[in-house]
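Working notes for the structure below.
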Amino acid sequence: MTQPTQTISDRIQEKLDNLTRAERQLALSILENYPASGLGPLTALAKDANVSVPTVARMVQKLGYKGYPEFQAELREELRAKAKNPIAKHDTWAESAPSEHILNRFTDAVIDNIRLTLGQIDPVAFDDACDLVADQTRHLFVVGGRITHTLAEYFFLHMQVIRPNLTHVQSTSNTWPHYLLNAKEGDVFVIFDVRRYENNTLKLAEMAHARGAKIILFTDQWRSPVHHLAHISLSCRIIVPSAWDSAATTMLLAETMISSVQNLNWDETKERMETLEDMFDQTKLFRKFT
């Protein structure tokens, strides 16, 4: 049996890069509806993932189990342990709405996404990513896509206050190759890329990587193709009861990184913030309340 402190989801994330194409397809299918996806018969799991029964058997063994029954037994232990946790027996978030109301279902999904994401984030890797972003000797490039450009803009806006020497790359523009002219070895690219992964973003990452830049990737649980080029990948769960994926967990990690980088450079950040506030006062951009 596996170690009780490590969940099946943890094991899948740990092995993801070493699985075959079919096994990876199965793993992602399990994670998409975890843990319910693993509670049915082996044949049902194989059918849902559109893989063969032997593929399920092989991947279960790669995860460290003797067979599918042992895999399911541990999955049920996870569910029992969760049920004993009083936090899991939640009240409805919107107390005046029934538990099946979208306010409560959506919130449940986001909280699960956060819990599962933080459960597989390596704190050392996260700290390393923050150190790279805070290093002002490295030029910082921030990149988003069609949807994730909003996250990239938010991240860039805060980094503008915290540190100098950075660029917001408009990846959806046909002029983005111009930004790479100044990229050099050791520079840092923070890239946001979730499904549907964008060809422009991958090509930009390939060219930045070829120039010796380090890539920090914010992506989803299936991982953008940029993952193979990234120095550090931060995978976030994004599934919610909606036609669109959720940015809540990605935003949580981005804001946490902003906070960390701010603290790493606090003396200079404070000075820059004071200068910026003085500029705001001069322009009378904001209304003051005294």
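Residue numbers start at 1 in each chain; chains themselves are named A, B, ... in the order of the structure tokens; ligands are numbered from 1 in the order shown.
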Checklist line | Distance query stretch 184-193 of chain A at most 7 Å, only C-alpha atoms, self and fewer than 3 positions along chain excluded, as a list in words | finding: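 Counting only the stated atoms, we get Val133, Arg138, His139, Leu140, Phe141, Val142, Val143, Gly144, Gly145, Thr148, Ala152, Tyr197, Arg211, Gly212, Ala213, Lys214, Ile215, Ile216, Leu217, Phe218, Thr219 and Ser224 of chain A.
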Next item on the list: Using only C-alpha atoms, determine which residues lie at most 12 Å from A:Pro241, disregarding the query and same-chain residues fewer than 4 positions distant; provide the list as a VMD selection string.
Entry: chain A and resid 33 100 to 110 113 245 to 246
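Taking atom CA of A:Leu181 and atom CA of A:Pro164 as endpoints, the distance between them is 18.5 Å.
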With DSSP run on the backbone, what are the strand (DSSP E or B) residues within stretch 201-252 of chain A? I'd like them as a short mmCIF file (atom, residue, chain, number, x, y, z; two decimals) with all heavy atoms, in the first residue's frame.
data_model
loop_
_atom_site.label_atom_id
_atom_site.label_comp_id
_atom_site.auth_asym_id
_atom_site.auth_seq_id
_atom_site.Cartn_x
_atom_site.Cartn_y
_atom_site.Cartn_z
N LYS A 214 14.73 31.72 -18.47
CA LYS A 214 14.07 30.77 -17.58
C LYS A 214 12.56 31.06 -17.60
O LYS A 214 12.15 32.22 -17.52
CB LYS A 214 14.61 30.90 -16.16
CG LYS A 214 16.06 30.44 -16.03
CD LYS A 214 16.51 30.48 -14.59
CE LYS A 214 17.97 30.01 -14.47
NZ LYS A 214 18.13 28.58 -14.83
N ILE A 215 11.77 30.00 -17.70
CA ILE A 215 10.32 30.14 -17.81
C ILE A 215 9.65 29.66 -16.53
O ILE A 215 9.91 28.55 -16.05
CB ILE A 215 9.78 29.35 -19.01
CG1 ILE A 215 10.34 29.92 -20.32
CG2 ILE A 215 8.25 29.34 -19.03
CD1 ILE A 215 10.02 29.09 -21.55
N ILE A 216 8.79 30.51 -15.99
CA ILE A 216 7.91 30.14 -14.88
C ILE A 216 6.50 30.07 -15.44
O ILE A 216 5.99 31.07 -15.96
CB ILE A 216 7.99 31.16 -13.73
CG1 ILE A 216 9.42 31.18 -13.16
CG2 ILE A 216 6.99 30.82 -12.63
CD1 ILE A 216 9.66 32.34 -12.21
N LEU A 217 5.89 28.91 -15.37
CA LEU A 217 4.60 28.68 -16.03
C LEU A 217 3.48 28.52 -15.03
O LEU A 217 3.56 27.71 -14.11
CB LEU A 217 4.70 27.41 -16.89
CG LEU A 217 3.40 26.94 -17.55
CD1 LEU A 217 2.92 27.93 -18.61
CD2 LEU A 217 3.60 25.54 -18.17
N PHE A 218 2.43 29.31 -15.19
CA PHE A 218 1.16 29.10 -14.51
C PHE A 218 0.24 28.38 -15.49
O PHE A 218 -0.11 28.93 -16.54
CB PHE A 218 0.52 30.43 -14.10
CG PHE A 218 1.18 31.13 -12.96
CD1 PHE A 218 2.29 31.95 -13.15
CD2 PHE A 218 0.70 30.98 -11.65
CE1 PHE A 218 2.89 32.62 -12.10
CE2 PHE A 218 1.30 31.64 -10.58
CZ PHE A 218 2.40 32.45 -10.81
N THR A 219 -0.16 27.15 -15.16
CA THR A 219 -0.97 26.37 -16.08
C THR A 219 -2.04 25.60 -15.32
O THR A 219 -2.27 25.84 -14.13
CB THR A 219 -0.06 25.42 -16.92
OG1 THR A 219 -0.85 24.78 -17.92
CG2 THR A 219 0.63 24.38 -16.04
N ASP A 220 -2.71 24.68 -16.00
CA ASP A 220 -3.79 23.91 -15.38
C ASP A 220 -3.31 22.50 -15.05
O ASP A 220 -2.13 22.18 -15.21
CB ASP A 220 -5.02 23.88 -16.29
CG ASP A 220 -4.66 23.41 -17.70
OD1 ASP A 220 -3.79 22.53 -17.83
OD2 ASP A 220 -5.25 23.92 -18.66
N ILE A 232 10.14 26.13 -13.92
CA ILE A 232 9.22 25.80 -12.83
C ILE A 232 7.79 25.89 -13.36
O ILE A 232 7.42 26.89 -13.98
CB ILE A 232 9.39 26.76 -11.63
CG1 ILE A 232 10.80 26.63 -11.04
CG2 ILE A 232 8.32 26.50 -10.56
CD1 ILE A 232 11.15 27.69 -10.01
N SER A 233 7.00 24.84 -13.14
CA SER A 233 5.59 24.83 -13.54
C SER A 233 4.72 24.82 -12.29
O SER A 233 4.96 24.03 -11.37
CB SER A 233 5.26 23.60 -14.39
OG SER A 233 5.81 23.72 -15.68
N LEU A 234 3.70 25.66 -12.27
CA LEU A 234 2.73 25.72 -11.19
C LEU A 234 1.37 25.33 -11.77
O LEU A 234 0.75 26.12 -12.50
CB LEU A 234 2.70 27.11 -10.58
CG LEU A 234 4.04 27.61 -10.02
CD1 LEU A 234 3.96 29.08 -9.65
CD2 LEU A 234 4.47 26.77 -8.82
N SER A 235 0.95 24.09 -11.48
CA SER A 235 -0.29 23.56 -12.05
C SER A 235 -1.47 23.82 -11.12
O SER A 235 -1.39 23.49 -9.93
CB SER A 235 -0.15 22.06 -12.31
OG SER A 235 0.90 21.82 -13.22
N CYS A 236 -2.53 24.39 -11.66
CA CYS A 236 -3.71 24.73 -10.87
C CYS A 236 -4.93 23.97 -11.39
O CYS A 236 -5.11 23.84 -12.61
CB CYS A 236 -4.00 26.23 -10.97
SG CYS A 236 -2.60 27.30 -10.57
#
Checklist line | Within 10 Å of A:Glu255 using only C-alpha atoms, minus same-chain residues under 5 positions, as a list in words | finding: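 What passes the distance filter is Leu151, Tyr154, Phe155, His158, Thr249, Thr250, Ser260 and Val261 of chain A.
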Keeping only N, CA and C atoms, write the selected residues to a file as a PDB file, in the first residue's frame.
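Listed below is the output, again31.pdb:
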ATOM      1  N   LEU A 151      -4.958  37.869 -16.238  1.00  0.00           N
ATOM      2  CA  LEU A 151      -4.098  37.472 -15.123  1.00  0.00           C
ATOM      3  C   LEU A 151      -2.693  38.061 -15.302  1.00  0.00           C
ATOM      4  N   TYR A 154      -2.708  41.784 -14.519  1.00  0.00           N
ATOM      5  CA  TYR A 154      -2.807  41.988 -13.065  1.00  0.00           C
ATOM      6  C   TYR A 154      -1.438  41.768 -12.410  1.00  0.00           C
ATOM      7  N   PHE A 155      -0.781  40.674 -12.802  1.00  0.00           N
ATOM      8  CA  PHE A 155       0.535  40.339 -12.265  1.00  0.00           C
ATOM      9  C   PHE A 155       1.549  41.426 -12.634  1.00  0.00           C
ATOM     10  N   HIS A 158       1.249  44.840 -10.668  1.00  0.00           N
ATOM     11  CA  HIS A 158       1.839  44.815  -9.331  1.00  0.00           C
ATOM     12  C   HIS A 158       3.363  44.771  -9.396  1.00  0.00           C
ATOM     13  N   THR A 249      -8.003  29.716  -8.623  1.00  0.00           N
ATOM     14  CA  THR A 249      -6.803  29.115  -8.039  1.00  0.00           C
ATOM     15  C   THR A 249      -5.540  29.709  -8.647  1.00  0.00           C
ATOM     16  N   THR A 250      -5.560  29.967  -9.943  1.00  0.00           N
ATOM     17  CA  THR A 250      -4.417  30.599 -10.594  1.00  0.00           C
ATOM     18  C   THR A 250      -4.184  31.985 -10.014  1.00  0.00           C
ATOM     19  N   SER A 260       4.955  37.484  -1.947  1.00  0.00           N
ATOM     20  CA  SER A 260       6.286  36.990  -1.615  1.00  0.00           C
ATOM     21  C   SER A 260       7.372  37.882  -2.208  1.00  0.00           C
ATOM     22  N   VAL A 261       7.221  38.245  -3.485  1.00  0.00           N
ATOM     23  CA  VAL A 261       8.223  39.076  -4.153  1.00  0.00           C
ATOM     24  C   VAL A 261       8.274  40.459  -3.514  1.00  0.00           C
TER      25      VAL A 261
END
Checklist line | Coordinates-based distance that separates atom CA of A:His149 from atom CA of A:Asp278 (Å, one decimal) | finding: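 Interatomic distance, atom CA of A:Asp278 to atom CA of A:His149: 29.0 Å.
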Next item on the list: Write out as number ranges by chain all residues of stretch 240-281 of chain A that DSSP puts in alpha helix (DSSP H) for this structure's backbone.
Entry: A: 248-264, 266-281
Margin query: So that I can check the surroundings of A:Glu198, please list as a ChimeraX atom specification every protein, DNA and RNA residue that reaches within 10 Å of it, counting only C-alpha atoms and ignoring chain neighbours fewer than 2 positions away.
Written below: /A:144-146,171-172,193-196,200-203,224-226
Based on the selection just made, write N, CA, C and O atoms of those residues as a PDB file, in the first residue's frame.
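For reference, again-v1.pdb as written:
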ATOM      1  N   GLY A 144       0.566  36.540 -21.264  1.00  0.00           N
ATOM      2  CA  GLY A 144      -0.725  35.869 -21.135  1.00  0.00           C
ATOM      3  C   GLY A 144      -1.293  35.565 -22.506  1.00  0.00           C
ATOM      4  O   GLY A 144      -0.695  35.913 -23.530  1.00  0.00           O
ATOM      5  N   GLY A 145      -2.472  34.930 -22.519  1.00  0.00           N
ATOM      6  CA  GLY A 145      -3.107  34.580 -23.789  1.00  0.00           C
ATOM      7  C   GLY A 145      -4.464  35.255 -23.946  1.00  0.00           C
ATOM      8  O   GLY A 145      -4.742  36.274 -23.321  1.00  0.00           O
ATOM      9  N   ARG A 146      -5.307  34.667 -24.765  1.00  0.00           N
ATOM     10  CA  ARG A 146      -6.604  35.274 -25.083  1.00  0.00           C
ATOM     11  C   ARG A 146      -7.441  35.528 -23.845  1.00  0.00           C
ATOM     12  O   ARG A 146      -8.050  36.581 -23.699  1.00  0.00           O
ATOM     13  N   SER A 171       1.067  38.798 -26.112  1.00  0.00           N
ATOM     14  CA  SER A 171       1.278  37.565 -26.880  1.00  0.00           C
ATOM     15  C   SER A 171       0.261  37.371 -27.997  1.00  0.00           C
ATOM     16  O   SER A 171       0.498  36.614 -28.935  1.00  0.00           O
ATOM     17  N   THR A 172      -0.883  38.045 -27.908  1.00  0.00           N
ATOM     18  CA  THR A 172      -1.884  37.875 -28.957  1.00  0.00           C
ATOM     19  C   THR A 172      -1.620  38.796 -30.146  1.00  0.00           C
ATOM     20  O   THR A 172      -2.318  38.748 -31.137  1.00  0.00           O
ATOM     21  N   ASP A 193      -0.742  30.038 -19.233  1.00  0.00           N
ATOM     22  CA  ASP A 193      -1.279  29.290 -20.375  1.00  0.00           C
ATOM     23  C   ASP A 193      -2.120  28.115 -19.876  1.00  0.00           C
ATOM     24  O   ASP A 193      -1.587  27.177 -19.286  1.00  0.00           O
ATOM     25  N   VAL A 194      -3.427  28.207 -20.068  1.00  0.00           N
ATOM     26  CA  VAL A 194      -4.336  27.126 -19.687  1.00  0.00           C
ATOM     27  C   VAL A 194      -5.098  26.675 -20.934  1.00  0.00           C
ATOM     28  O   VAL A 194      -5.053  27.349 -21.968  1.00  0.00           O
ATOM     29  N   ARG A 195      -5.794  25.529 -20.813  1.00  0.00           N
ATOM     30  CA  ARG A 195      -6.500  25.045 -21.996  1.00  0.00           C
ATOM     31  C   ARG A 195      -7.507  26.081 -22.481  1.00  0.00           C
ATOM     32  O   ARG A 195      -8.135  26.752 -21.649  1.00  0.00           O
ATOM     33  N   ARG A 196      -7.708  26.361 -23.721  1.00  0.00           N
ATOM     34  CA  ARG A 196      -7.069  25.778 -24.882  1.00  0.00           C
ATOM     35  C   ARG A 196      -5.730  26.451 -25.107  1.00  0.00           C
ATOM     36  O   ARG A 196      -5.683  27.657 -25.290  1.00  0.00           O
ATOM     37  N   ASN A 200       0.731  30.580 -30.353  1.00  0.00           N
ATOM     38  CA  ASN A 200       1.601  31.749 -30.205  1.00  0.00           C
ATOM     39  C   ASN A 200       2.420  31.675 -28.915  1.00  0.00           C
ATOM     40  O   ASN A 200       3.607  31.984 -28.889  1.00  0.00           O
ATOM     41  N   THR A 201       1.741  31.268 -27.843  1.00  0.00           N
ATOM     42  CA  THR A 201       2.406  31.212 -26.541  1.00  0.00           C
ATOM     43  C   THR A 201       3.504  30.154 -26.538  1.00  0.00           C
ATOM     44  O   THR A 201       4.596  30.379 -26.004  1.00  0.00           O
ATOM     45  N   LEU A 202       3.212  29.013 -27.143  1.00  0.00           N
ATOM     46  CA  LEU A 202       4.220  27.949 -27.208  1.00  0.00           C
ATOM     47  C   LEU A 202       5.417  28.395 -28.040  1.00  0.00           C
ATOM     48  O   LEU A 202       6.574  28.181 -27.646  1.00  0.00           O
ATOM     49  N   LYS A 203       5.171  29.020 -29.181  1.00  0.00           N
ATOM     50  CA  LYS A 203       6.272  29.463 -30.026  1.00  0.00           C
ATOM     51  C   LYS A 203       7.121  30.514 -29.312  1.00  0.00           C
ATOM     52  O   LYS A 203       8.352  30.486 -29.363  1.00  0.00           O
ATOM     53  N   SER A 224       0.094  22.846 -19.889  1.00  0.00           N
ATOM     54  CA  SER A 224       0.375  23.396 -21.209  1.00  0.00           C
ATOM     55  C   SER A 224       1.615  22.724 -21.808  1.00  0.00           C
ATOM     56  O   SER A 224       2.506  22.284 -21.081  1.00  0.00           O
ATOM     57  N   PRO A 225       1.698  22.645 -23.129  1.00  0.00           N
ATOM     58  CA  PRO A 225       2.926  22.129 -23.754  1.00  0.00           C
ATOM     59  C   PRO A 225       4.170  22.921 -23.348  1.00  0.00           C
ATOM     60  O   PRO A 225       5.284  22.401 -23.426  1.00  0.00           O
ATOM     61  N   VAL A 226       3.975  24.156 -22.895  1.00  0.00           N
ATOM     62  CA  VAL A 226       5.100  24.967 -22.415  1.00  0.00           C
ATOM     63  C   VAL A 226       5.756  24.310 -21.203  1.00  0.00           C
ATOM     64  O   VAL A 226       6.922  24.573 -20.897  1.00  0.00           O
TER      65      VAL A 226
END
Margin query: Please determine, counting only C-alpha atoms, which residue among A:Ser52, A:Ile121, A:Leu264, A:Gln25 has the shortest atom-to-atom distance to A:Arg237.
Written below: A:Ile121
Notebook entry, point to check: How many Å separate atom CA of A:Ala248 from atom CA of A:His209?
Noted result: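 Here the two named atoms are 28.1 Å from each other.
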